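Asker: Quick one, my_file28.csv (CSV, C-alpha atoms):
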chain,number,residue,atom,x,y,z
A,208,MET,CA,-24.8,-53.0,-57.9
A,209,THR,CA,-25.6,-49.8,-56.1
A,210,GLN,CA,-26.6,-46.7,-58.1
A,211,GLU,CA,-23.4,-45.0,-56.9
A,212,LYS,CA,-21.3,-47.7,-58.6
A,213,GLN,CA,-23.2,-47.1,-61.8
A,214,ILE,CA,-22.3,-43.5,-62.1
A,215,SER,CA,-20.6,-42.6,-65.4
A,216,ILE,CA,-17.7,-40.1,-65.1
A,217,LYS,CA,-18.6,-38.8,-68.6
A,218,ASP,CA,-21.7,-37.3,-67.1
A,219,TYR,CA,-19.4,-35.0,-65.0
A,220,HIS,CA,-17.6,-33.3,-67.9
A,221,TYR,CA,-17.3,-29.6,-68.5
A,222,ASP,CA,-15.2,-27.6,-71.0
A,223,LEU,CA,-12.2,-26.1,-69.2
A,224,PRO,CA,-10.2,-23.8,-71.5
A,225,PHE,CA,-6.4,-24.3,-71.0
A,226,GLU,CA,-5.9,-20.6,-70.5
A,227,ARG,CA,-8.2,-20.7,-67.4
A,228,ILE,CA,-5.7,-22.9,-65.5
A,229,ALA,CA,-3.7,-20.7,-63.2
A,230,LYS,CA,0.0,-21.3,-63.9
A,231,TYR,CA,1.1,-19.2,-60.9
A,232,PRO,CA,-0.5,-17.9,-57.7
A,233,LEU,CA,-1.6,-14.3,-57.3
A,234,ALA,CA,0.8,-11.9,-55.6
A,235,GLU,CA,-1.4,-11.8,-52.5
A,236,ARG,CA,-3.0,-15.0,-51.4
A,237,ASP,CA,-6.2,-13.6,-49.9
A,238,LEU,CA,-7.1,-11.4,-52.9
A,239,SER,CA,-8.1,-14.5,-54.9
A,240,LYS,CA,-11.7,-14.4,-56.0
A,241,LEU,CA,-14.3,-16.2,-54.0
A,242,LEU,CA,-17.5,-17.6,-55.4
A,243,VAL,CA,-20.2,-18.1,-52.7
A,244,TYR,CA,-23.0,-20.5,-53.4
A,245,LYS,CA,-25.9,-20.5,-50.8
A,246,ASN,CA,-29.6,-21.3,-51.2
A,247,GLU,CA,-29.1,-21.8,-54.9
A,248,ILE,CA,-27.8,-18.2,-55.3
A,249,ILE,CA,-24.3,-17.3,-56.5
A,250,THR,CA,-22.5,-14.2,-55.2
A,251,GLU,CA,-18.9,-13.0,-55.8
A,252,SER,CA,-16.3,-11.8,-53.3
A,253,GLN,CA,-12.7,-12.3,-52.3
A,254,TYR,CA,-11.1,-14.5,-49.7
A,255,ILE,CA,-10.2,-11.5,-47.6
A,256,ASP,CA,-13.9,-11.2,-46.8
A,257,ILE,CA,-14.8,-14.8,-46.3
A,258,ASP,CA,-15.7,-14.1,-42.7
A,259,GLU,CA,-18.7,-12.2,-43.9
A,260,PHE,CA,-20.3,-15.4,-45.2
A,261,LEU,CA,-19.6,-17.8,-42.3
A,262,PRO,CA,-21.9,-18.0,-39.3
A,263,ALA,CA,-20.5,-16.5,-36.1
A,264,ASP,CA,-19.1,-19.0,-33.6
A,265,SER,CA,-19.1,-21.8,-36.3
A,266,LEU,CA,-16.5,-24.5,-36.6
A,267,LEU,CA,-13.8,-24.2,-39.3
A,268,PHE,CA,-11.5,-27.1,-40.0
A,269,PHE,CA,-8.2,-26.9,-41.8
A,270,ASN,CA,-5.8,-29.6,-43.1
A,271,ASN,CA,-2.4,-28.8,-41.6
A,272,THR,CA,-0.4,-31.3,-43.7
A,273,LYS,CA,2.8,-30.1,-45.2
A,274,VAL,CA,4.0,-30.8,-48.7
A,275,ILE,CA,7.3,-32.7,-48.7
A,276,PRO,CA,9.9,-32.4,-51.5
A,277,ALA,CA,8.9,-35.8,-52.7
A,278,ARG,CA,10.6,-35.8,-56.1
A,279,LEU,CA,14.2,-37.2,-56.2
A,280,PHE,CA,16.5,-37.4,-59.2
A,281,PHE,CA,18.8,-40.4,-59.1
A,282,LYS,CA,21.5,-41.7,-61.5
A,283,THR,CA,22.6,-45.2,-62.4
A,284,SER,CA,26.3,-46.0,-62.3
A,285,THR,CA,26.3,-45.3,-66.1
A,286,GLN,CA,24.7,-41.8,-65.4
A,287,LYS,CA,21.2,-42.6,-66.7
A,288,ASP,CA,18.4,-40.6,-65.1
A,289,ILE,CA,15.9,-42.2,-62.7
A,290,GLU,CA,13.2,-40.0,-61.3
A,291,VAL,CA,11.6,-41.2,-58.0
A,292,PHE,CA,8.3,-39.8,-56.6
A,293,CYS,CA,7.8,-40.8,-53.0
A,294,LEU,CA,4.1,-41.6,-52.4
A,295,GLU,CA,3.8,-43.0,-48.8
A,296,PRO,CA,5.9,-44.8,-46.2
A,297,VAL,CA,5.8,-48.5,-45.9
A,298,SER,CA,4.4,-48.7,-42.4
A,299,ARG,CA,1.9,-50.7,-40.4
A,300,ASN,CA,0.3,-47.7,-38.9
A,301,ALA,CA,-0.7,-44.4,-40.4
A,302,ASP,CA,1.8,-42.2,-38.6
A,303,VAL,CA,3.5,-40.6,-41.6
A,304,TYR,CA,5.2,-38.1,-39.4
A,305,SER,CA,7.2,-40.8,-37.5
A,306,SER,CA,8.4,-42.2,-40.9
A,307,MET,CA,9.8,-38.7,-41.7
A,308,LEU,CA,11.9,-38.8,-38.5
A,309,GLN,CA,13.6,-42.1,-39.4
A,310,GLN,CA,17.4,-42.1,-39.6
A,311,ASN,CA,19.8,-44.2,-41.7
A,312,SER,CA,17.1,-45.8,-43.9
A,313,SER,CA,13.4,-45.7,-44.8
A,314,GLN,CA,11.1,-47.7,-47.1
A,315,TRP,CA,8.5,-45.9,-49.3
A,316,LYS,CA,6.0,-46.8,-52.0
A,317,CYS,CA,7.2,-44.8,-55.0
A,318,LEU,CA,6.5,-44.0,-58.7
A,319,VAL,CA,9.7,-44.5,-60.7
A,320,GLY,CA,10.3,-42.7,-64.0
A,321,GLY,CA,12.9,-44.6,-66.2
A,322,ALA,CA,12.5,-47.9,-64.3
A,323,ALA,CA,13.5,-49.8,-67.4
A,324,LYS,CA,16.9,-48.3,-67.2
A,325,TRP,CA,17.3,-49.5,-63.6
A,326,LYS,CA,19.4,-52.6,-64.2
A,327,GLU,CA,21.6,-52.8,-61.1
A,328,GLN,CA,20.9,-53.1,-57.4
A,329,PHE,CA,21.4,-49.4,-56.5
A,330,VAL,CA,20.9,-46.0,-58.0
A,331,PHE,CA,22.6,-42.9,-56.5
A,332,LEU,CA,21.9,-39.3,-55.6
A,333,ASN,CA,24.8,-37.2,-54.3
A,334,THR,CA,24.9,-33.7,-53.1
A,335,ASP,CA,27.5,-31.7,-51.2
A,336,GLU,CA,25.9,-32.8,-47.9
A,337,LEU,CA,24.5,-36.2,-48.7
A,338,GLN,CA,25.0,-39.5,-50.4
A,339,ILE,CA,21.8,-41.4,-51.0
A,340,LYS,CA,21.2,-44.9,-52.4
A,341,ALA,CA,17.9,-46.4,-53.5
A,342,GLU,CA,17.2,-50.1,-53.9
A,343,ILE,CA,14.1,-51.8,-55.3
A,344,LYS,CA,12.6,-54.1,-52.6
A,345,GLU,CA,9.4,-55.0,-54.4
A,346,ARG,CA,7.7,-54.4,-57.7
A,347,LEU,CA,4.0,-53.7,-57.5
A,348,SER,CA,1.4,-52.8,-60.1
A,349,GLY,CA,2.6,-49.4,-61.3
A,350,THR,CA,4.6,-48.6,-58.2
A,351,PHE,CA,7.7,-49.9,-56.4
A,352,ILE,CA,8.7,-50.4,-52.8
A,353,LEU,CA,12.1,-48.7,-52.5
A,354,GLU,CA,14.5,-48.6,-49.6
A,355,PHE,CA,16.6,-45.5,-49.2
A,356,THR,CA,19.8,-45.4,-47.2
A,357,TRP,CA,22.0,-42.4,-46.7
A,358,GLN,CA,25.1,-40.9,-45.2
A,359,PRO,CA,25.4,-39.1,-42.8
A,360,ALA,CA,23.0,-41.7,-41.3
A,361,THR,CA,22.1,-39.3,-38.4
A,362,LYS,CA,20.0,-37.1,-40.7
A,363,THR,CA,16.3,-37.8,-40.7
A,364,PHE,CA,14.4,-38.7,-43.9
A,365,ALA,CA,12.7,-35.3,-43.7
A,366,GLU,CA,16.1,-33.6,-43.7
A,367,VAL,CA,17.2,-35.9,-46.6
A,368,LEU,CA,14.2,-34.7,-48.7
A,369,GLN,CA,14.7,-31.0,-47.8
A,370,ILE,CA,18.3,-31.2,-49.0
A,371,ALA,CA,17.9,-33.4,-52.1
A,372,GLY,CA,14.2,-33.3,-53.1
A,373,ALA,CA,12.0,-31.1,-55.2
A,374,ILE,CA,8.4,-29.9,-54.4
A,375,PRO,CA,6.1,-31.9,-56.8
A,376,ILE,CA,3.8,-29.2,-58.2
A,377,PRO,CA,0.7,-30.5,-60.1
A,378,PRO,CA,1.5,-32.1,-63.5
A,379,TYR,CA,-1.2,-30.1,-65.3
A,380,LEU,CA,0.8,-26.9,-64.7
A,381,LYS,CA,3.1,-28.2,-67.4
A,382,ARG,CA,6.2,-26.4,-66.0
A,383,ALA,CA,9.1,-27.2,-63.7
A,384,THR,CA,9.1,-26.3,-60.0
A,385,GLU,CA,10.3,-22.7,-59.4
A,386,ASP,CA,11.4,-20.8,-56.3
A,387,ILE,CA,8.0,-19.3,-55.9
A,388,ASP,CA,6.5,-22.8,-55.4
A,389,LEU,CA,8.6,-23.5,-52.4
A,390,GLU,CA,6.6,-20.9,-50.5
A,391,ARG,CA,3.3,-20.6,-52.3
A,392,TYR,CA,2.6,-24.3,-52.8
A,393,GLN,CA,2.3,-24.5,-49.1
A,394,THR,CA,-0.4,-23.2,-46.7
A,395,ILE,CA,0.9,-20.7,-44.0
A,396,TYR,CA,-0.2,-23.1,-41.3
A,397,ALA,CA,1.4,-26.3,-42.8
A,398,GLN,CA,2.8,-28.3,-39.9
A,399,LYS,CA,2.9,-32.1,-40.4
A,400,GLU,CA,5.1,-33.3,-43.2
A,401,GLY,CA,3.7,-36.0,-45.4
A,402,SER,CA,1.8,-34.7,-48.4
A,403,VAL,CA,2.9,-34.9,-52.0
A,404,ALA,CA,0.2,-32.4,-53.1
A,405,ALA,CA,-1.0,-29.3,-51.3
A,406,PRO,CA,-4.5,-28.9,-49.7
A,407,THR,CA,-5.0,-26.1,-52.1
A,408,ALA,CA,-8.2,-24.5,-50.7
A,409,GLY,CA,-6.0,-23.4,-47.8
A,410,LEU,CA,-3.5,-21.6,-49.9
A,411,HIS,CA,-5.7,-18.5,-49.9
A,412,PHE,CA,-5.7,-18.0,-46.1
A,413,THR,CA,-3.5,-15.3,-44.5
A,414,ASP,CA,-3.0,-13.9,-41.0
A,415,ARG,CA,-5.3,-11.0,-41.8
A,416,VAL,CA,-8.1,-13.5,-42.8
A,417,PHE,CA,-7.6,-15.4,-39.5
A,418,ASP,CA,-7.8,-12.1,-37.6
A,419,LYS,CA,-11.1,-11.3,-39.2
A,420,LEU,CA,-12.4,-14.8,-38.5
A,421,LYS,CA,-11.3,-14.5,-34.8
A,422,ALA,CA,-13.3,-11.3,-34.5
A,423,LYS,CA,-16.4,-13.4,-35.3
A,424,GLN,CA,-15.4,-16.1,-32.7
A,425,ILE,CA,-14.5,-18.5,-35.5
A,426,VAL,CA,-11.4,-20.3,-34.3
A,427,PRO,CA,-9.5,-22.5,-36.7
A,428,THR,CA,-9.2,-26.2,-35.8
A,429,TYR,CA,-6.6,-28.4,-37.4
A,430,ILE,CA,-6.8,-32.0,-38.6
A,431,THR,CA,-4.5,-33.9,-40.9
A,432,LEU,CA,-4.9,-35.8,-44.2
A,433,HIS,CA,-1.7,-36.5,-46.0
A,434,VAL,CA,-2.5,-35.9,-49.7
A,435,GLY,CA,-1.3,-38.6,-52.0
A,436,ALA,CA,-0.5,-38.5,-55.7
A,437,GLY,CA,-3.8,-40.3,-56.3
A,438,THR,CA,-5.5,-36.9,-56.0
A,439,PHE,CA,-4.4,-36.4,-59.6
A,440,LYS,CA,-5.4,-39.9,-60.7
A,441,PRO,CA,-7.8,-39.7,-63.6
A,442,VAL,CA,-11.0,-41.8,-63.6
A,443,LYS,CA,-10.4,-44.1,-66.6
A,444,SER,CA,-13.2,-46.6,-66.1
A,445,SER,CA,-16.6,-46.1,-67.7
A,446,THR,CA,-18.4,-46.4,-64.3
A,447,MET,CA,-17.2,-45.8,-60.8
A,448,ALA,CA,-17.6,-49.5,-59.9
A,449,GLU,CA,-14.2,-50.1,-61.6
A,450,HIS,CA,-12.4,-47.1,-60.2
A,451,ASP,CA,-10.0,-47.9,-57.4
A,452,MET,CA,-10.0,-44.9,-55.0
A,453,HIS,CA,-6.6,-44.1,-53.5
A,454,GLY,CA,-6.1,-44.4,-49.8
A,455,GLU,CA,-4.7,-41.5,-47.7
A,456,TYR,CA,-3.5,-41.3,-44.1
A,457,ILE,CA,-5.3,-39.1,-41.6
A,458,ASP,CA,-4.5,-38.2,-38.1
A,459,VAL,CA,-6.8,-36.3,-35.7
A,460,PRO,CA,-5.9,-35.5,-32.1
A,461,LEU,CA,-8.3,-36.9,-29.4
A,462,GLU,CA,-8.9,-33.4,-28.1
A,463,THR,CA,-10.0,-32.3,-31.5
A,464,ILE,CA,-12.5,-35.2,-31.7
A,465,GLU,CA,-13.8,-34.3,-28.2
A,466,TYR,CA,-14.1,-30.7,-29.3
A,467,LEU,CA,-16.2,-31.7,-32.4
A,468,TYR,CA,-18.3,-34.0,-30.2
A,469,LEU,CA,-19.2,-31.2,-27.9
A,470,HIS,CA,-20.0,-28.7,-30.7
A,471,ILE,CA,-21.4,-31.0,-33.4
A,472,ASP,CA,-24.7,-29.0,-33.3
A,473,LYS,CA,-22.9,-25.9,-34.7
A,474,SER,CA,-22.3,-25.2,-38.4
A,475,VAL,CA,-19.2,-27.1,-39.6
A,476,THR,CA,-17.1,-25.7,-42.5
A,477,ALA,CA,-14.3,-27.8,-44.1
A,478,VAL,CA,-11.5,-25.9,-45.8
A,479,GLY,CA,-10.7,-28.2,-48.7
A,480,THR,CA,-12.0,-31.5,-49.9
A,481,THR,CA,-9.2,-33.2,-47.9
A,482,SER,CA,-10.6,-31.7,-44.6
A,483,LEU,CA,-14.1,-32.8,-45.7
A,484,ARG,CA,-13.0,-36.3,-46.4
A,485,THR,CA,-11.3,-36.5,-43.1
A,486,LEU,CA,-14.3,-35.2,-41.1
A,487,GLU,CA,-16.7,-37.5,-43.0
A,488,SER,CA,-14.4,-40.4,-42.5
A,489,LEU,CA,-14.6,-39.9,-38.7
A,490,PHE,CA,-18.2,-40.9,-38.9
A,491,TRP,CA,-17.5,-44.1,-40.8
A,492,ILE,CA,-14.6,-45.0,-38.5
A,493,GLY,CA,-17.0,-44.5,-35.5
A,494,GLU,CA,-19.6,-46.7,-37.2
A,495,LYS,CA,-17.0,-49.4,-37.9
A,496,ILE,CA,-15.9,-49.4,-34.2
A,497,ALA,CA,-19.6,-49.6,-33.2
A,498,GLN,CA,-20.1,-52.7,-35.4
A,499,GLN,CA,-16.7,-54.3,-34.6
A,500,PRO,CA,-15.7,-53.3,-31.0
A,501,ASN,CA,-12.7,-55.6,-31.0
A,502,LEU,CA,-10.9,-53.8,-33.9
A,503,LEU,CA,-7.3,-53.0,-33.3
A,504,PRO,CA,-5.9,-49.5,-34.0
A,505,HIS,CA,-4.1,-50.5,-37.2
A,506,GLU,CA,-7.4,-51.9,-38.5
A,507,LEU,CA,-9.1,-48.5,-38.7
A,508,LEU,CA,-9.6,-48.2,-42.4
A,509,VAL,CA,-12.5,-46.7,-44.4
A,510,ASP,CA,-13.2,-48.5,-47.6
A,511,GLN,CA,-14.3,-46.5,-50.6
A,512,TRP,CA,-17.8,-48.2,-50.7
A,513,GLN,CA,-18.4,-48.4,-46.9
A,514,PRO,CA,-20.8,-45.5,-46.9
A,515,TYR,CA,-23.0,-47.2,-49.5
A,516,VAL,CA,-23.2,-50.7,-48.1
A,517,SER,CA,-23.5,-49.9,-44.4
A,518,SER,CA,-26.5,-51.1,-42.4
A,519,ASN,CA,-29.7,-49.1,-42.1
A,520,ASN,CA,-29.3,-48.9,-38.3
A,521,GLN,CA,-27.0,-46.0,-38.6
A,522,ILE,CA,-25.8,-44.1,-35.5
A,523,SER,CA,-25.8,-40.3,-35.2
A,524,ALA,CA,-22.6,-38.3,-35.9
A,525,LYS,CA,-22.4,-37.6,-32.2
A,526,GLU,CA,-22.6,-41.3,-31.3
A,527,ALA,CA,-19.9,-42.1,-33.9
A,528,LEU,CA,-17.5,-39.5,-32.4
A,529,LYS,CA,-18.2,-41.0,-28.9
A,530,TYR,CA,-17.3,-44.4,-30.2
A,531,ILE,CA,-13.9,-43.1,-31.4
A,532,ILE,CA,-13.3,-41.2,-28.2
A,533,ASP,CA,-14.0,-44.3,-26.1
A,534,PHE,CA,-11.8,-46.4,-28.5
A,535,LEU,CA,-8.8,-44.1,-28.2
A,536,ASN,CA,-9.1,-43.9,-24.4
A,537,GLN,CA,-9.4,-47.7,-24.2
A,538,HIS,CA,-6.2,-48.1,-26.2
A,539,GLN,CA,-4.5,-45.2,-24.4
A,540,LEU,CA,-4.0,-43.2,-27.6
A,541,LYS,CA,-3.9,-39.4,-27.8
A,542,THR,CA,-4.3,-39.3,-31.6
A,543,LEU,CA,-6.5,-41.2,-34.1
A,544,TYR,CA,-4.3,-42.6,-36.9
A,545,ALA,CA,-6.3,-44.2,-39.8
A,546,LYS,CA,-6.4,-44.7,-43.5
A,547,THR,CA,-9.3,-43.6,-45.7
A,548,SER,CA,-10.3,-44.4,-49.2
A,549,ILE,CA,-13.7,-42.8,-48.8
A,550,LEU,CA,-15.3,-42.0,-52.2
A,551,ILE,CA,-17.9,-39.3,-52.1
A,552,VAL,CA,-20.2,-39.3,-55.1
A,553,PRO,CA,-23.8,-38.2,-55.8
A,554,GLY,CA,-26.0,-40.3,-53.4
A,555,TYR,CA,-23.7,-39.9,-50.5
A,556,GLN,CA,-25.4,-38.7,-47.3
A,557,PHE,CA,-23.2,-36.1,-45.5
A,558,LYS,CA,-22.9,-36.6,-41.7
A,559,ILE,CA,-20.8,-33.8,-40.4
A,560,VAL,CA,-19.9,-31.0,-42.9
A,561,ASN,CA,-22.3,-28.2,-43.7
A,562,ALA,CA,-20.1,-25.9,-45.9
A,563,LEU,CA,-17.0,-26.4,-48.0
A,564,VAL,CA,-14.3,-24.0,-49.1
A,565,THR,CA,-12.7,-25.4,-52.2
A,566,ASN,CA,-10.9,-24.5,-55.5
A,567,PHE,CA,-12.3,-25.3,-58.9
A,568,HIS,CA,-11.5,-28.9,-60.0
A,569,GLN,CA,-10.7,-30.8,-63.2
A,570,PRO,CA,-13.5,-32.2,-65.4
A,571,GLU,CA,-14.4,-35.9,-64.9
A,572,SER,CA,-12.5,-36.1,-61.6
A,573,THR,CA,-13.5,-37.7,-58.3
A,574,LEU,CA,-13.4,-34.1,-56.8
A,575,ILE,CA,-16.1,-33.0,-59.2
A,576,LEU,CA,-18.2,-35.9,-58.1
A,577,LEU,CA,-17.7,-34.8,-54.5
A,578,ILE,CA,-18.9,-31.3,-55.4
A,579,ALA,CA,-21.9,-32.7,-57.2
A,580,ALA,CA,-22.7,-34.8,-54.1
A,581,PHE,CA,-22.5,-31.7,-52.0
A,582,ILE,CA,-24.6,-29.2,-54.0
A,583,GLY,CA,-26.4,-31.4,-56.5
A,584,GLU,CA,-26.8,-30.6,-60.2
A,585,ASP,CA,-26.1,-26.9,-59.4
A,586,TRP,CA,-22.4,-27.8,-59.6
A,587,ARG,CA,-22.8,-27.1,-63.4
A,588,LYS,CA,-24.3,-23.7,-62.7
A,589,VAL,CA,-21.4,-22.9,-60.3
A,590,TYR,CA,-18.7,-23.9,-62.8
A,591,GLN,CA,-20.4,-22.2,-65.7
A,592,TYR,CA,-20.6,-19.0,-63.7
A,593,ALA,CA,-16.9,-19.3,-62.8
A,594,ILE,CA,-15.9,-19.8,-66.5
A,595,GLU,CA,-18.0,-16.9,-67.7
A,596,HIS,CA,-16.8,-14.5,-65.0
A,597,ASP,CA,-13.0,-15.1,-65.4
A,598,PHE,CA,-12.3,-17.2,-62.4
A,599,ARG,CA,-8.9,-18.9,-62.3
A,600,PHE,CA,-9.0,-22.7,-62.1
A,601,LEU,CA,-7.2,-25.6,-60.3
A,602,SER,CA,-4.5,-25.5,-57.6
A,603,TYR,CA,-3.2,-21.9,-58.0
A,604,GLY,CA,-6.6,-20.6,-59.0
A,605,ASP,CA,-9.6,-18.9,-57.3
A,606,GLY,CA,-12.1,-20.7,-55.1
A,607,SER,CA,-15.5,-21.1,-53.7
A,608,LEU,CA,-17.5,-21.3,-50.5
A,609,LEU,CA,-20.3,-23.8,-51.0
A,610,PHE,CA,-23.2,-24.4,-48.6
A,611,ARG,CA,-24.7,-27.9,-48.7
A,612,THR,CA,-28.1,-28.2,-50.4
A,613,HIS,CA,-29.5,-31.1,-48.4
How does the structure come out when it is put into structure tokens?
Answerer:
Amino acid sequence: MTQEKQISIKDYHYDLPFERIAKYPLAERDLSKLLVYKNEIITESQYIDIDEFLPADSLLFFNNTKVIPARLFFKTSTQKDIEVFCLEPVSRNADVYSSMLQQNSSQWKCLVGGAAKWKEQFVFLNTDELQIKAEIKERLSGTFILEFTWQPATKTFAEVLQIAGAIPIPPYLKRATEDIDLERYQTIYAQKEGSVAAPTAGLHFTDRVFDKLKAKQIVPTYITLHVGAGTFKPVKSSTMAEHDMHGEYIDVPLETIEYLYLHIDKSVTAVGTTSLRTLESLFWIGEKIAQQPNLLPHELLVDQWQPYVSSNNQISAKEALKYIIDFLNQHQLKTLYAKTSILIVPGYQFKIVNALVTNFHQPESTLILLIAAFIGEDWRKVYQYAIEHDFRFLSYGDGSLLFRTH
């Protein structure tokens, strides 16, 4: 067993007072506090001034996924409540966006609240504009495959969710979704529908922040990882060997991969752990193509332990990106669609990302492990500083800019 699999999640605990969890966002996104960690030194600022800490002409990657109203409230024929949480489409490829455009019917993997009350074939959700039926097609371990059908059938599934669904704010906020969440639990650059949780590091960015970045020749580049409900999944096993890391869909345009290939020698900053996981997954996808040149597009998957069991004859980040570019051109594809379950824990060797913009995460979470992998044991110093200096935590809280230590 590798040392990464032997990691105990209990070693990544810290005391998070409940009152430090931000229940609501600040009035202005970019006035959130920003903790900057570089060369083992901590300084304090605000997001409005993040440009002052990033190298001029560096690369800055954002996750442009859009949170969908993934929570649906159905009724049985006897008016019992059935709550459905859409997780991901049932699709052979990773093009979540195409699934959102389906008309008439769509199959999704879902969580179901009140499943024991679901005794009949269909449950129903009716609005003034829509009539929706849901049917269980398959029962999995903890989840269900549901088929939704609706009238009028000409509406897309995206339109169905917009009309009938609710934005699924994080469970630890312990409150119902409110009107403010419709705007603020979404980045201003959100574009591709498919997430059931926001890439929260990006919630702090505004037009005036982008204007200041542009003045330093830092141009935003967009990639996509559709955040799944697994982002809130607690680690319940004693060691990471028994933890099943959730898979998430990514899509990255060919031209973006070519851009990164040409500028890989510059400093690369990922806005959010989802952007970091996407960028690092690119390396492992490229390595997989190098080792298995006959892979088909739908076989582009990153397993959670792939980074820890790969051969010692590793290629460079630039070579990995070139393998992806050649693969996409060979298959006449303009976008890389893949699924990643990459698990980044202490011991991971970063291939692409030099700096990370991120919020403050829950104790004993896979995201804390990622932070520990990125800046080492100083993660404790960073989090202790944030608690002692009144930083706000989790999705609607303040954030940090962390420069990698190795």
Asker: Tell me, as an MDAnalysis selection string, which residues lie within 6 Å of segment 307-315 of chain A, counting all atoms listed in the file; anything in the same chain fewer than 3 positions away does not count.
Answerer: chainID A and resid 295:297 304 352:357 360:365
Asker: Suppose we keep C-alpha atoms; can you now write the selection as a PDB file, keeping the file's coordinate frame?
Answerer:
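The resulting file, part-v8.pdb, is shown below:
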ATOM      1  CA  GLU A 295       3.800 -43.000 -48.800  1.00  0.00           C
ATOM      2  CA  PRO A 296       5.900 -44.800 -46.200  1.00  0.00           C
ATOM      3  CA  VAL A 297       5.800 -48.500 -45.900  1.00  0.00           C
ATOM      4  CA  TYR A 304       5.200 -38.100 -39.400  1.00  0.00           C
ATOM      5  CA  ILE A 352       8.700 -50.400 -52.800  1.00  0.00           C
ATOM      6  CA  LEU A 353      12.100 -48.700 -52.500  1.00  0.00           C
ATOM      7  CA  GLU A 354      14.500 -48.600 -49.600  1.00  0.00           C
ATOM      8  CA  PHE A 355      16.600 -45.500 -49.200  1.00  0.00           C
ATOM      9  CA  THR A 356      19.800 -45.400 -47.200  1.00  0.00           C
ATOM     10  CA  TRP A 357      22.000 -42.400 -46.700  1.00  0.00           C
ATOM     11  CA  ALA A 360      23.000 -41.700 -41.300  1.00  0.00           C
ATOM     12  CA  THR A 361      22.100 -39.300 -38.400  1.00  0.00           C
ATOM     13  CA  LYS A 362      20.000 -37.100 -40.700  1.00  0.00           C
ATOM     14  CA  THR A 363      16.300 -37.800 -40.700  1.00  0.00           C
ATOM     15  CA  PHE A 364      14.400 -38.700 -43.900  1.00  0.00           C
ATOM     16  CA  ALA A 365      12.700 -35.300 -43.700  1.00  0.00           C
TER      17      ALA A 365
END
Asker: Between A:Thr446, A:Ser306, A:Gln591, A:Asn561, which one has atoms that come closest to Asp222 of chain A, using all atoms listed in the file?
Answerer: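 Closest to Asp222 of chain A of all the choices is A:Gln591.
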Asker: Kindly indicate which residue among A:Val478, A:Leu543, A:Ile387, A:Ile376 lies nearest to Phe269 of chain A, using all atoms listed in the file for the distances.
Answerer: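 Looking at the shortest contact to Phe269 of chain A, the residue is A:Val478.
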Asker: Need the shell around Tyr603 of chain A: protein/DNA/RNA residues with any atom at most 8 Å away, counting only C-alpha atoms. Skip same-chain ones fewer than 5 positions apart. Format as a list in words?
Answerer: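 My list of contacting residues is Ile228, Ala229, Lys230, Tyr231, Pro232, Leu233 and Thr407 of chain A.
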Asker: Which residue is closest to Tyr379 of chain A? Choose from A:Glu226, A:Asp510, A:Asp418, A:Glu336 and count only C-alpha atoms.
Answerer: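 Looking only at the distances to Tyr379 of chain A, the closest residue turns out to be A:Glu226.
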Asker: Ile275 of chain A: which residues within 8 Å, counting all atoms listed in the file, same-chain residues fewer than 4 positions away excluded, as a list in words?
Answerer: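 The contact residues come out as Ala365, Leu368, Gln369, Ile374, Glu400, Gly401, Ser402 and Val403 of chain A.
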Asker: Would you mind writing segment 588-597 of chain A with N, CA and C atoms, as a PDB file, keeping the file's coordinate frame?
Answerer:
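Below is the file that was written, result10.pdb:
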ATOM      1  N   LYS A 588     -24.038 -25.110 -62.734  1.00  0.00           N
ATOM      2  CA  LYS A 588     -24.300 -23.700 -62.700  1.00  0.00           C
ATOM      3  C   LYS A 588     -23.112 -22.925 -62.087  1.00  0.00           C
ATOM      4  N   VAL A 589     -22.566 -23.472 -61.011  1.00  0.00           N
ATOM      5  CA  VAL A 589     -21.400 -22.900 -60.300  1.00  0.00           C
ATOM      6  C   VAL A 589     -20.216 -22.785 -61.255  1.00  0.00           C
ATOM      7  N   TYR A 590     -19.921 -23.894 -61.924  1.00  0.00           N
ATOM      8  CA  TYR A 590     -18.700 -23.900 -62.800  1.00  0.00           C
ATOM      9  C   TYR A 590     -18.924 -23.095 -64.043  1.00  0.00           C
ATOM     10  N   GLN A 591     -20.132 -23.060 -64.572  1.00  0.00           N
ATOM     11  CA  GLN A 591     -20.400 -22.200 -65.700  1.00  0.00           C
ATOM     12  C   GLN A 591     -20.229 -20.750 -65.366  1.00  0.00           C
ATOM     13  N   TYR A 592     -20.717 -20.386 -64.185  1.00  0.00           N
ATOM     14  CA  TYR A 592     -20.600 -19.000 -63.700  1.00  0.00           C
ATOM     15  C   TYR A 592     -19.071 -18.668 -63.590  1.00  0.00           C
ATOM     16  N   ALA A 593     -18.300 -19.587 -63.012  1.00  0.00           N
ATOM     17  CA  ALA A 593     -16.900 -19.300 -62.800  1.00  0.00           C
ATOM     18  C   ALA A 593     -16.144 -19.138 -64.142  1.00  0.00           C
ATOM     19  N   ILE A 594     -16.505 -19.924 -65.143  1.00  0.00           N
ATOM     20  CA  ILE A 594     -15.900 -19.800 -66.500  1.00  0.00           C
ATOM     21  C   ILE A 594     -16.274 -18.466 -67.121  1.00  0.00           C
ATOM     22  N   GLU A 595     -17.555 -18.121 -67.019  1.00  0.00           N
ATOM     23  CA  GLU A 595     -18.000 -16.900 -67.700  1.00  0.00           C
ATOM     24  C   GLU A 595     -17.573 -15.627 -66.980  1.00  0.00           C
ATOM     25  N   HIS A 596     -17.160 -15.726 -65.709  1.00  0.00           N
ATOM     26  CA  HIS A 596     -16.800 -14.500 -65.000  1.00  0.00           C
ATOM     27  C   HIS A 596     -15.258 -14.538 -64.623  1.00  0.00           C
ATOM     28  N   ASP A 597     -14.499 -15.201 -65.467  1.00  0.00           N
ATOM     29  CA  ASP A 597     -13.000 -15.100 -65.400  1.00  0.00           C
ATOM     30  C   ASP A 597     -12.403 -15.578 -64.110  1.00  0.00           C
TER      31      ASP A 597
END
